[in-house]
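> Below is the structure I would like to discuss, written out as structure tokens.
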Number of protein chains: 2
Amino acid sequence: MLKNLSHTEENYLKAIFSLSNKSETAVSTNELAEKIVAKPSSVTDMVQKLAEKKLVDYKKYQGVYLTSNGRKTAVSIIRNHRLWEVFLVEKLDFKWDEVHDFAEQLEHIKSDTLIERLDAFLNFPTHDPHGDPIPDKNGNIAQNLREPLSNINIGSTCTLVGVNDSSSKFLKFLDKSKIKLGSTIKVLHKEEFDNSMHIQVDKNKLSISHQITKNLLVKII
Amino acid sequence: MLKNLSHTEENYLKAIFSLSNKSETAVSTNELAEKIVAKPSSVTDMVQKLAEKKLVDYKKYQGVYLTSNGRKTAVSIIRNHRLWEVFLVEKLDFKWDEVHDFAEQLEHIKSDTLIERLDAFLNFPTHDPHGDPIPDKNGNIAQNLREPLSNINIGSTCTLVGVNDSSSKFLKFLDKSKIKLGSTIKVLHKEEFDNSMHIQVDKNKLSISHQITKNLLVKII
DNA sequence: ACTTATTTTTAGTCTTGTCTAAAAATTTAT
DNA sequence: ATAAATTTTTAGACAAGACTAAAAATAAGT
Ligand SMILES: [Mn+2]
Ligand SMILES: [Mn+2]
Ligand SMILES: [Mn+2]
Ligand SMILES: [Mn+2]
């Protein structure tokens with residue numbers, strides 16, 4: 001079913017998947033180049049190659065879409081990535097800000113059965129350490145309804161279920177502030193002029209900038 | 001300390017290491033080509049590249065030796081390989097004949113701390129599922145004294161501690177014959193004309209060919 | 001010692017994935 | 001509607017890693 005692709009090809013598919021989730025329109029050469037960190041000319045080359053392999057639909061100057069096969073491949077790699085991240089945090093005691101780069105390598109391990117065994121070993125987790133849903137083996141992704149904390153009204157209470165920014169810096173800041181997945185967050189006050197918020201996280205009260213609230217994904221209780 | 005090498009370069013170092021353990025002399029281009037499954041001309045190219053990187057000592061027509069750095073790198077990859085094999089067997093319930101190809105990929109994961117965490121998670125195993133010693137983090141390899149069953153005299157009793165052939169076919173044959181690591185083997189009879197042996201393995205008696213006895217590594221009790 | 005046979009190296013080519021520079025298409029601005 | 005700015009594609013080049021064919025060095029056989 002799924003072809004044998006190079007790490008590079010797989011990374012392109014993953015990047016196209018993630019960009020096409022944001023915009024719903026075709027992914028442009030330029031944005032893909034920025035995501036992959038390569039020149040647009042290189043992207044054009046690769047995209048033409050992926051089109052030949054029927055992994056993307058591509059028309060000159062019109063950007064690129066994943067085909068059904070392309071999407072399946074991308075989702076499978078994301079499944080690998082997130083399961084390995086769970087393994088690294090749950091079993092090897094890494095912190096949630098340490099695992100992404102390892103998973104970036106481990107996601108490319110070619111495995112018929114390995115990833116299913118890993119899934120079972122981890123007790124079929126539904127979310128990775130950053131709150132992102134783990135696609136099931138058929139490629140279905142649970143769509144959790146979640147929105148940035150910045151959208152939440154004063155007085156409402158919600159639970160932290162994810163983050164928009166998985167950078168080590170951001171995650172370490174959250175650790176320091178004792179904000180973690182599952183934390184109960186109550187919006188105490190919203191500052192008009194800079195959109196900062198005063199919130200209560202579990203027992204603690206603190207103020208956080210708009211920059212932060214945009215990147216905290218919550219579910220209203 | 002250890003450079004960033006391609007999978008290919010690492011595989012060459014591993015191959016040179018394993019061949020130079022057998023022969024004690026320089027590794028020839030031809031035997032390396034056979035091991036790697038590539039043409040001798042390709043091997044010459046790569047060996048010259050590794051020599052530039054000071055990972056091997058190489059003189060035209062004289063074969064190749066690992067430098068201290070080359071050996072360190074090779075041993076580190078072997079450590080990775082064997083630890084991942086333990087993980088796959090102990091934690092993911094794979095059989096000992098199923099893990100080699102996965103480990104062949106996993107051994108190349110670049111990891112400062114990952115492999116040390118894995119080691120701890122597995123409780124610092126000393127041997128892989130095929131009885132091969134796992135190098136410690138400093139690159140020291142326990143030299144277990146072991147010899148082929150074919151060397152053992154009639155009447156002697158020994159323990160199976162390793163195999164010379166880790167192919168799936170051989171390992172499955174051993175499973176079928178209820179011969180496993182740790183089994184007690186007593187040599188009941190040696191057939192002169194074909195060097196086959198009649199042995200007792202734990203409770204069972206059976207006859208096995210020279211082909212088999214050469215590949216069973218034992219320690220006399 | 002000389003001739004074969006074998007091993008090893010060189011020379012030249014190919015594929016993958018990248019790059020720069022320049023051309024072409026599209027979009028934006030006047 | 002035309003010109004200017006931007007995006008995207010093409011053309012040509014390069015490094016890594018492999019290959020084939022041919023040359024050079026070493027080893028074996030008489
Ligand atoms: Mn990640
Ligand atoms: Mn990747
Ligand atoms: Mn192995
Ligand atoms: Mn390998």
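Identifiers for the structure tokens are assigned positionally: chains receive A, B, ... in sequence, residues are indexed from 1 per chain, and ligands are indexed from 1 in the order shown.
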Could you give me the residues within 12 Å of ligand 4, counting only C-alpha atoms (C1' of nucleotides) and all ligand atoms, as an MDAnalysis selection string?

(chainID A and resid 109) or (chainID B and resid 5:15 36 74 77:78 80:82 100:109)

> Can I get the residues of chain C within 12 Å of chain B, each with the closest pair of atoms and their distance in Å to one decimal, using only C-alpha atoms (C1' of nucleotides), sorted chain first then ascending number, as JSON lines?


```
{"residue": "C:DT6", "atom": "C1'", "partner": "B:Asn30", "partner_atom": "CA", "distance": 10.7}
{"residue": "C:DT7", "atom": "C1'", "partner": "B:Asn30", "partner_atom": "CA", "distance": 7.4}
{"residue": "C:DT8", "atom": "C1'", "partner": "B:Tyr61", "partner_atom": "CA", "distance": 5.9}
{"residue": "C:DT9", "atom": "C1'", "partner": "B:Ser41", "partner_atom": "CA", "distance": 7.3}
{"residue": "C:DT10", "atom": "C1'", "partner": "B:Ser41", "partner_atom": "CA", "distance": 8.9}
{"residue": "C:DA11", "atom": "C1'", "partner": "B:Ser41", "partner_atom": "CA", "distance": 11.1}
```

> Which residue is closest to ligand 3? Choose from B:Val99, B:Ala120, B:Val89, B:Leu2 and count only C-alpha atoms and all ligand atoms.

B:Val99

> What is the Cα root-mean-square deviation, to one decimal place in Å, for chain A superposed on chain B with all Cα atoms matched in order?

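The optimal C-alpha superposition leaves an RMSD of 0.1 Å.
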
> Could you go through segment 22-152 of chain B and tell me which residues DSSP, when run on the backbone, assigns to helix (DSSP H, G or I), listing them as a PyMOL selection string?

chain B and resi 22-23+29-36+40-52+68-90+100-106+114-121+149-151

> Kindly save the residues from that selection, with C-alpha atoms included, as a compact mmCIF listing (two decimals), in the first residue's frame.


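Wrote part16.txt, looks like this:
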```
# COMPACT_ATOMS: atom_id res chain seq x y z
CA LYS B 22 37.67 -12.15 12.50
CA SER B 23 41.00 -11.75 10.74
CA THR B 29 38.44 -4.15 -0.40
CA ASN B 30 36.89 -7.32 -1.76
CA GLU B 31 35.73 -8.81 1.52
CA LEU B 32 34.32 -5.46 2.56
CA ALA B 33 32.48 -5.23 -0.77
CA GLU B 34 30.96 -8.64 -0.19
CA LYS B 35 29.89 -7.78 3.35
CA ILE B 36 28.35 -4.44 2.39
CA PRO B 40 34.71 -3.09 -4.91
CA SER B 41 34.98 0.22 -6.75
CA SER B 42 32.29 1.72 -4.55
CA VAL B 43 34.13 0.45 -1.50
CA THR B 44 37.36 2.09 -2.63
CA ASP B 45 35.54 5.42 -2.94
CA MET B 46 34.00 5.19 0.50
CA VAL B 47 37.16 3.94 2.15
CA GLN B 48 39.08 6.92 0.78
CA LYS B 49 36.42 9.20 2.17
CA LEU B 50 36.58 7.55 5.59
CA ALA B 51 40.37 7.86 5.50
CA GLU B 52 40.05 11.61 4.91
CA SER B 68 40.69 4.71 17.36
CA ASN B 69 37.91 7.11 16.39
CA GLY B 70 36.57 4.73 13.78
CA ARG B 71 36.46 1.89 16.28
CA LYS B 72 34.71 4.06 18.85
CA THR B 73 32.05 4.98 16.34
CA ALA B 74 31.54 1.39 15.21
CA VAL B 75 31.21 0.13 18.77
CA SER B 76 28.74 2.86 19.62
CA ILE B 77 26.51 1.83 16.72
CA ILE B 78 26.74 -1.80 17.75
CA ARG B 79 25.72 -0.75 21.26
CA ASN B 80 22.69 1.03 19.80
CA HIS B 81 21.81 -1.96 17.65
CA ARG B 82 21.91 -4.45 20.48
CA LEU B 83 20.07 -2.28 22.98
CA TRP B 84 17.26 -1.70 20.49
CA GLU B 85 17.10 -5.45 19.88
CA VAL B 86 16.67 -6.03 23.60
CA PHE B 87 13.91 -3.44 23.64
CA LEU B 88 12.10 -5.06 20.73
CA VAL B 89 12.22 -8.51 22.30
CA GLU B 90 11.71 -7.61 25.96
CA HIS B 100 17.53 -7.51 13.36
CA ASP B 101 16.16 -5.48 10.44
CA PHE B 102 14.38 -3.03 12.71
CA ALA B 103 17.56 -2.62 14.76
CA GLU B 104 19.47 -2.04 11.55
CA GLN B 105 17.43 1.16 11.18
CA LEU B 106 17.17 2.13 14.82
CA LEU B 114 18.40 8.60 24.27
CA ILE B 115 20.44 5.44 24.27
CA GLU B 116 21.48 5.91 27.90
CA ARG B 117 17.85 6.31 28.89
CA LEU B 118 16.95 3.22 26.91
CA ASP B 119 19.77 1.32 28.61
CA ALA B 120 18.41 2.31 32.03
CA PHE B 121 14.84 1.49 31.01
CA LEU B 149 29.58 -26.67 20.15
CA SER B 150 31.47 -28.56 17.44
CA ASN B 151 34.63 -28.19 19.59
```

> For atom CA of Asp202 of chain B and atom CA of Ser177 of chain B, quote the distance in Å rounded to one decimal.

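Between atom CA of Asp202 of chain B and atom CA of Ser177 of chain B the gap is 11.2 Å.
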
> Provide the atom CA of Pro135 of chain B to atom CA of Phe170 of chain B distance in Å, to one decimal place.

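Result for atom CA of Pro135 of chain B versus atom CA of Phe170 of chain B: 24.6 Å, one decimal.
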
> Report as a PyMOL selection string: the residues of segment 2-190 of chain A with a DSSP assignment of strand (DSSP E), based on the backbone of this structure.

chain A and resi 56-58+64-66+147-148+157-163+184-190

> Measuring atom to atom with only C-alpha atoms, identify which of B:Leu122, B:Ile220, B:Val37, B:Ala142 is nearest to chain A.

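Selected residue with least distance to chain A: B:Leu122.
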
> Could you name the residues that touch DT15 of chain C at 12 Å or less, counting only C-alpha atoms (C1' of nucleotides), but leaving out those on the same chain fewer than 3 positions away, as a list of chain:residue names?

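Contacts, in chain order: D:DA16, D:DG17, D:DA18, D:DC19.
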
> Restricting it to C-alpha atoms (C1' of nucleotides), dump the selection as an mmCIF file, in the first residue's frame.


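File again33.cif, as written:
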```
data_model
loop_
_atom_site.group_PDB
_atom_site.id
_atom_site.type_symbol
_atom_site.label_atom_id
_atom_site.label_comp_id
_atom_site.auth_asym_id
_atom_site.auth_seq_id
_atom_site.Cartn_x
_atom_site.Cartn_y
_atom_site.Cartn_z
ATOM 1 C "C1'" DA D 16 26.996 11.905 -2.011
ATOM 2 C "C1'" DG D 17 26.764 7.302 -3.118
ATOM 3 C "C1'" DA D 18 26.320 3.960 -6.232
ATOM 4 C "C1'" DC D 19 27.471 1.586 -10.914
#
```

> Skip DT27 of chain C itself and residues of its chain fewer than 6 positions away, then list as number ranges by chain all residues within 9 Å of it, counting only C-alpha atoms (C1' of nucleotides).

D: 5-7

> Please dump the current selection as an mmCIF file, in the first residue's frame; keep C-alpha atoms (C1' of nucleotides).


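Output file part.cif follows:
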```
data_model
loop_
_atom_site.group_PDB
_atom_site.id
_atom_site.type_symbol
_atom_site.label_atom_id
_atom_site.label_comp_id
_atom_site.auth_asym_id
_atom_site.auth_seq_id
_atom_site.Cartn_x
_atom_site.Cartn_y
_atom_site.Cartn_z
ATOM 1 C "C1'" DA D 5 6.683 43.587 -7.718
ATOM 2 C "C1'" DT D 6 6.303 38.964 -6.382
ATOM 3 C "C1'" DT D 7 6.054 34.154 -6.994
#
```

> Which polymer residues have any atom within 12 Å of an atom of DT4 of chain C, counting only C-alpha atoms (C1' of nucleotides), with same-chain residues fewer than 5 positions away left out, as a ChimeraX atom specification?

/D:27-30

> Taking 3 positions as the minimum chain separation for residues in the same chain, which residues sit within 12 Å of DT30 of chain C when counting only C-alpha atoms (C1' of nucleotides)? Answer as a PyMOL selection string.

chain D and resi 1-4

> The selected residues should be written to file as a PDB file, in the first residue's frame (atoms: C-alpha atoms (C1' of nucleotides)).


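And here is the file that came out, result29.pdb:
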```pdb
ATOM      1  C1'  DA D   1      -4.352  48.566 -19.019  1.00  0.00           C
ATOM      2  C1'  DT D   2       0.376  48.779 -18.207  1.00  0.00           C
ATOM      3  C1'  DA D   3       4.126  48.681 -15.363  1.00  0.00           C
ATOM      4  C1'  DA D   4       6.249  46.980 -11.198  1.00  0.00           C
TER       5       DA D   4
END
```

> Between D:DT26, D:DA21, D:DA15, D:DT8, single out the one closest to chain A, counting only C-alpha atoms (C1' of nucleotides).

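Of D:DT26, D:DA21, D:DA15, D:DT8, the one nearest chain A, counting only C-alpha atoms (C1' of nucleotides), is D:DT8.
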